[in-house]
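S.K.: Here you go, this is data_23.cif (mmCIF, C-alpha atoms).
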```cif
data_coords
#
loop_
_atom_site.label_atom_id
_atom_site.label_comp_id
_atom_site.auth_asym_id
_atom_site.auth_seq_id
_atom_site.Cartn_x
_atom_site.Cartn_y
_atom_site.Cartn_z
CA MET A 675 1.40 -29.11 -11.04
CA MET A 676 -1.63 -27.38 -9.50
CA ASN A 677 0.18 -26.79 -6.20
CA ASN A 678 3.00 -24.93 -7.96
CA LYS A 679 0.47 -22.72 -9.72
CA LYS A 680 -1.05 -21.69 -6.38
CA ILE A 681 2.21 -21.45 -4.44
CA PHE A 682 3.98 -19.13 -6.91
CA PRO A 683 1.82 -16.06 -6.06
CA MET A 684 2.27 -16.75 -2.34
CA ILE A 685 6.05 -16.91 -2.73
CA SER A 686 5.98 -13.65 -4.70
CA LEU A 687 4.00 -11.93 -1.96
CA ILE A 688 6.28 -13.31 0.74
CA LEU A 689 9.31 -11.92 -1.13
CA LEU A 690 7.61 -8.53 -1.51
CA SER A 691 6.77 -8.57 2.20
CA ALA A 692 10.38 -9.36 2.99
CA ALA A 693 11.47 -6.41 0.82
CA ALA A 694 9.27 -4.12 2.92
CA ILE A 695 11.51 -4.75 5.93
CA PRO A 696 14.69 -3.10 4.60
CA PHE A 697 12.56 -0.42 2.87
CA ALA A 698 11.05 0.68 6.19
CA PHE A 699 14.40 0.56 8.01
CA ILE A 700 16.21 2.56 5.32
CA VAL A 701 13.51 5.23 5.03
CA LEU A 702 13.18 5.65 8.79
CA TRP A 703 16.97 5.65 9.24
CA GLN A 704 17.23 8.50 6.74
CA LEU A 705 14.41 10.45 8.40
CA ASP A 706 15.97 10.26 11.88
CA VAL A 707 17.98 13.45 12.24
CA ASP A 708 17.59 13.94 16.01
CA SER A 709 19.70 11.02 17.26
CA LYS A 710 23.18 11.97 18.38
CA THR A 711 24.80 8.52 18.22
CA ILE A 712 24.42 5.54 15.96
CA ALA A 713 23.14 3.47 18.91
CA GLU A 714 20.36 6.02 19.55
CA GLN A 715 19.54 6.11 15.85
CA LEU A 716 19.41 2.31 15.66
CA GLY A 717 17.11 2.13 18.69
CA SER A 718 14.84 4.89 17.40
CA THR A 719 14.69 3.41 13.92
CA THR A 720 13.93 -0.07 15.27
CA ARG A 721 11.10 1.21 17.49
CA LEU A 722 9.50 2.98 14.54
CA ALA A 723 10.29 0.37 11.89
CA ILE A 724 8.62 -2.58 13.60
CA PRO A 725 5.05 -1.14 13.50
CA SER A 726 5.79 0.38 10.08
CA VAL A 727 6.84 -2.99 8.65
CA ILE A 728 3.77 -4.67 10.11
CA THR A 729 1.56 -2.00 8.56
CA LEU A 730 3.27 -2.24 5.17
CA VAL A 731 3.00 -6.04 5.11
CA VAL A 732 -0.70 -5.84 6.03
CA LEU A 733 -1.23 -3.33 3.20
CA ILE A 734 0.62 -5.58 0.73
CA TRP A 735 -1.56 -8.55 1.61
CA PHE A 736 -4.68 -6.35 1.64
CA GLY A 737 -3.90 -5.27 -1.92
CA ALA A 738 -3.31 -8.86 -2.94
CA GLY A 739 -6.61 -9.86 -1.35
CA LEU A 740 -8.40 -7.11 -3.28
CA ASP A 741 -6.85 -8.32 -6.52
CA TYR A 742 -7.77 -11.92 -5.73
CA ALA A 743 -11.37 -10.98 -4.86
CA LEU A 744 -11.74 -8.93 -8.04
CA SER A 745 -10.43 -11.85 -10.10
CA PHE A 746 -13.64 -13.77 -9.34
CA ILE A 747 -15.77 -11.28 -11.31
CA SER A 748 -16.26 -13.03 -14.62
CA LYS A 749 -17.69 -10.18 -16.71
CA LYS A 750 -14.83 -8.05 -18.01
CA ASN A 751 -16.75 -4.73 -17.99
CA LEU A 752 -18.04 -5.26 -14.46
CA ARG A 753 -14.55 -6.27 -13.26
CA LEU A 754 -13.09 -3.13 -14.85
CA LEU A 755 -15.69 -0.90 -13.18
CA ALA A 756 -15.23 -2.62 -9.82
CA SER A 757 -11.45 -2.30 -10.13
CA VAL A 758 -11.68 1.43 -10.81
CA LEU A 759 -13.98 1.89 -7.82
CA VAL A 760 -11.89 -0.26 -5.53
CA TYR A 761 -8.45 1.06 -6.49
CA LEU A 762 -9.14 4.73 -7.22
CA PHE A 763 -12.41 6.10 -5.95
CA ILE A 764 -12.95 4.42 -2.57
CA PRO A 765 -9.35 4.71 -1.22
CA SER A 766 -9.12 8.32 -2.37
CA ILE A 767 -12.26 9.26 -0.49
CA CYS A 768 -11.49 7.20 2.60
CA CYS A 769 -7.77 7.98 2.93
CA VAL A 770 -7.46 11.47 1.47
CA GLY A 771 -10.87 13.14 1.17
CA MET A 772 -12.34 12.37 4.58
CA PRO A 773 -9.17 13.15 6.57
CA ALA A 774 -8.77 16.41 4.61
CA LEU A 775 -12.34 17.44 5.42
CA ILE A 776 -11.87 16.58 9.09
CA ILE A 777 -8.58 18.50 9.25
CA MET A 778 -10.12 21.53 7.56
CA ALA A 779 -13.16 21.41 9.88
CA PHE A 780 -11.08 21.25 13.07
CA SER A 781 -8.54 23.87 11.97
CA GLY A 782 -11.23 26.46 11.22
CA VAL A 783 -10.57 26.86 7.50
CA PHE A 784 -14.29 26.79 6.72
CA GLN A 785 -14.91 29.78 9.02
CA GLN A 786 -11.70 31.83 8.60
CA GLY A 787 -10.50 30.84 5.15
CA TRP A 788 -7.02 29.75 4.13
CA SER A 789 -5.30 32.95 5.23
CA GLY A 790 -3.83 33.12 8.70
CA ASP A 791 -3.14 30.47 11.30
CA SER A 792 -6.02 28.17 10.40
CA GLY A 793 -4.83 27.83 6.80
CA PHE A 794 -1.28 27.10 7.93
CA GLU A 795 -2.47 24.48 10.44
CA ALA A 796 -4.71 22.81 7.88
CA ALA A 797 -1.94 22.71 5.26
CA LEU A 798 0.55 21.33 7.78
CA PHE A 799 -1.75 18.57 9.01
CA MET A 800 -2.87 17.66 5.49
CA SER A 801 0.74 17.33 4.35
CA LEU A 802 1.48 15.13 7.35
CA ALA A 803 -1.58 12.98 6.59
CA PHE A 804 -0.79 12.80 2.86
CA ILE A 805 2.63 11.15 3.23
CA PRO A 806 1.41 7.99 5.05
CA ALA A 807 -1.59 7.79 2.71
CA ALA A 808 0.67 7.90 -0.35
CA VAL A 809 2.98 5.22 1.03
CA GLY A 810 -0.05 3.12 1.99
CA PHE A 811 -1.51 3.43 -1.51
CA LEU A 812 1.86 2.47 -2.98
CA PHE A 813 2.06 -0.71 -0.95
CA ILE A 814 -1.58 -1.65 -1.59
CA TYR A 815 -0.93 -1.23 -5.32
CA LEU A 816 2.36 -3.16 -5.07
CA GLY A 817 0.56 -6.05 -3.37
CA ALA A 818 -2.22 -6.04 -5.95
CA GLY A 819 0.22 -5.72 -8.85
CA VAL A 820 2.51 -8.50 -7.67
CA SER A 821 -0.51 -10.70 -7.01
CA PHE A 822 -1.91 -10.09 -10.49
CA ILE A 823 1.42 -10.57 -12.30
CA SER A 824 2.37 -13.68 -10.34
CA ARG A 825 -1.06 -15.29 -10.89
CA TRP A 826 -0.84 -14.44 -14.60
CA LEU A 827 2.71 -15.82 -14.89
CA ALA A 828 1.78 -18.95 -12.94
CA GLY A 829 -1.19 -19.52 -15.21
CA ARG A 830 0.90 -19.13 -18.34
CA PHE A 831 3.92 -21.08 -17.11
CA TRP A 832 2.08 -24.09 -15.73
CA ARG A 833 -0.43 -24.17 -18.61
CA GLU A 834 2.48 -24.37 -21.06
CA ALA A 835 4.14 -27.06 -18.93
CA GLU A 836 0.93 -29.12 -18.88
CA THR A 837 0.45 -28.90 -22.67
CA GLY A 838 4.14 -29.23 -23.55
#
```
What would you get if you wrote out this structure as structure tokens?
M.R.:
Amino acid sequence: MMNNKKIFPMISLILLSAAAIPFAFIVLWQLDVDSKTIAEQLGSTTRLAIPSVITLVVLIWFGAGLDYALSFISKKNLRLLASVLVYLFIPSICCVGMPALIIMAFSGVFQQGWSGDSGFEAALFMSLAFIPAAVGFLFIYLGAGVSFISRWLAGRFWREAETG
């Protein structure tokens, strides 16, 4: 019984990781507008999808690892505070705030302001940096959410089976 309780979250994460494969291929296929033939589009999509899938799967398992590590905090208030810091504050600063500051510093926005070429460059680079960050956050949260729900379901299902 105990093995099933521990294997269920792993199976859930493996299925989510497998779902990341067609997700990456479909999104990248739709974004490829430069290829003239289907063979070129397939080659281009495959070259981009392989590292994208690897990154998405790593982010899924990273999110699951965060959820698993946070589950060891026994005090509810401390776990809630740590969860807010881990899932909201730290990723926002590391993945959005710091890159935005670096982009603004190198584009010259701090010296010239948002008007003109420096503002356009900063906005362009920030929008390009925001899209991968948003997708990364999504997959970290998916991994953490699936991990939490599958551990909760496994605990309820196998506890009921043991008592019933």
S.K.: Residues at most 12 Å from Val820 (chain A), counting all atoms listed in the file, excluding those fewer than 3 positions away in the same chain, as a ChimeraX atom specification?
M.R.: /A:682-691,734-742,812-817,823-828
S.K.: Using all atoms listed in the file, which of the listed residues (A:Val701, A:Val758, A:Leu775, A:Ala818) sits closest to Met800 (chain A)?
M.R.: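 Selected residue with least distance to Met800 (chain A): A:Leu775.
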S.K.: Residues at most 7 Å from region 717-719 of chain A, counting all atoms listed in the file, excluding those fewer than 3 positions away in the same chain, as an MDAnalysis selection string?
M.R.: chainID A and resid 699 702:703 713:714 722:723
S.K.: Which value, in Å to one decimal, gives the distance between CA of Ser766 (chain A) and CA of Val732 (chain A)?
M.R.: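 Pair CA of Ser766 (chain A) / CA of Val732 (chain A) returns 18.5 Å.
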S.K.: If we count all atoms listed in the file, what is near Ala694 (chain A) at a cut-off of 7 Å, once residues fewer than 5 positions away on the same chain are taken out, given as a PDB file with C-alpha atoms, in the coordinates of the input?
M.R.:
```
ATOM      1  CA  VAL A 727       6.840  -2.990   8.650  1.00  0.00           C
ATOM      2  CA  LEU A 730       3.270  -2.240   5.170  1.00  0.00           C
ATOM      3  CA  VAL A 731       3.000  -6.040   5.110  1.00  0.00           C
TER       4      VAL A 731
END
```
S.K.: In Å, with one decimal, what is the gap from CA of Gly793 (chain A) to CA of Ile805 (chain A)?
M.R.: 18.6 Å
S.K.: Quick check, in Å to one decimal: how far apart do CA of Ala808 (chain A) and CA of Val770 (chain A) lie?
M.R.: 9.1 Å
S.K.: Using all atoms listed in the file for the distances, tell me which of A:Val783, A:Ile777, A:Ala743, A:Val707 is nearest to Ser801 (chain A).
M.R.: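 For Ser801 (chain A), the nearest of the candidates is A:Ile777.
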S.K.: Could you write out as a tab-separated table (two decimals) with C-alpha atoms, in the coordinates of the input the residues that the PyMOL selection byres ((chain A and resi 795) around 10) matches in the shown file?
M.R.:
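Output saved as expr.tsv:
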```
chain	number	residue	atom	x	y	z
A	777	ILE	CA	-8.58	18.50	9.25
A	778	MET	CA	-10.12	21.53	7.56
A	780	PHE	CA	-11.08	21.25	13.07
A	781	SER	CA	-8.54	23.87	11.97
A	782	GLY	CA	-11.23	26.46	11.22
A	783	VAL	CA	-10.57	26.86	7.50
A	788	TRP	CA	-7.02	29.75	4.13
A	790	GLY	CA	-3.83	33.12	8.70
A	791	ASP	CA	-3.14	30.47	11.30
A	792	SER	CA	-6.02	28.17	10.40
A	793	GLY	CA	-4.83	27.83	6.80
A	794	PHE	CA	-1.28	27.10	7.93
A	796	ALA	CA	-4.71	22.81	7.88
A	797	ALA	CA	-1.94	22.71	5.26
A	798	LEU	CA	0.55	21.33	7.78
A	799	PHE	CA	-1.75	18.57	9.01
A	800	MET	CA	-2.87	17.66	5.49
A	801	SER	CA	0.74	17.33	4.35
```
S.K.: Could you tell me which of A:Ala692, A:Ile728, A:Ile700, A:Cys768 comes closest to Leu716 (chain A) if we count only C-alpha atoms?
M.R.: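 Residue with the minimum atom-to-atom distance to Leu716 (chain A): A:Ile700.
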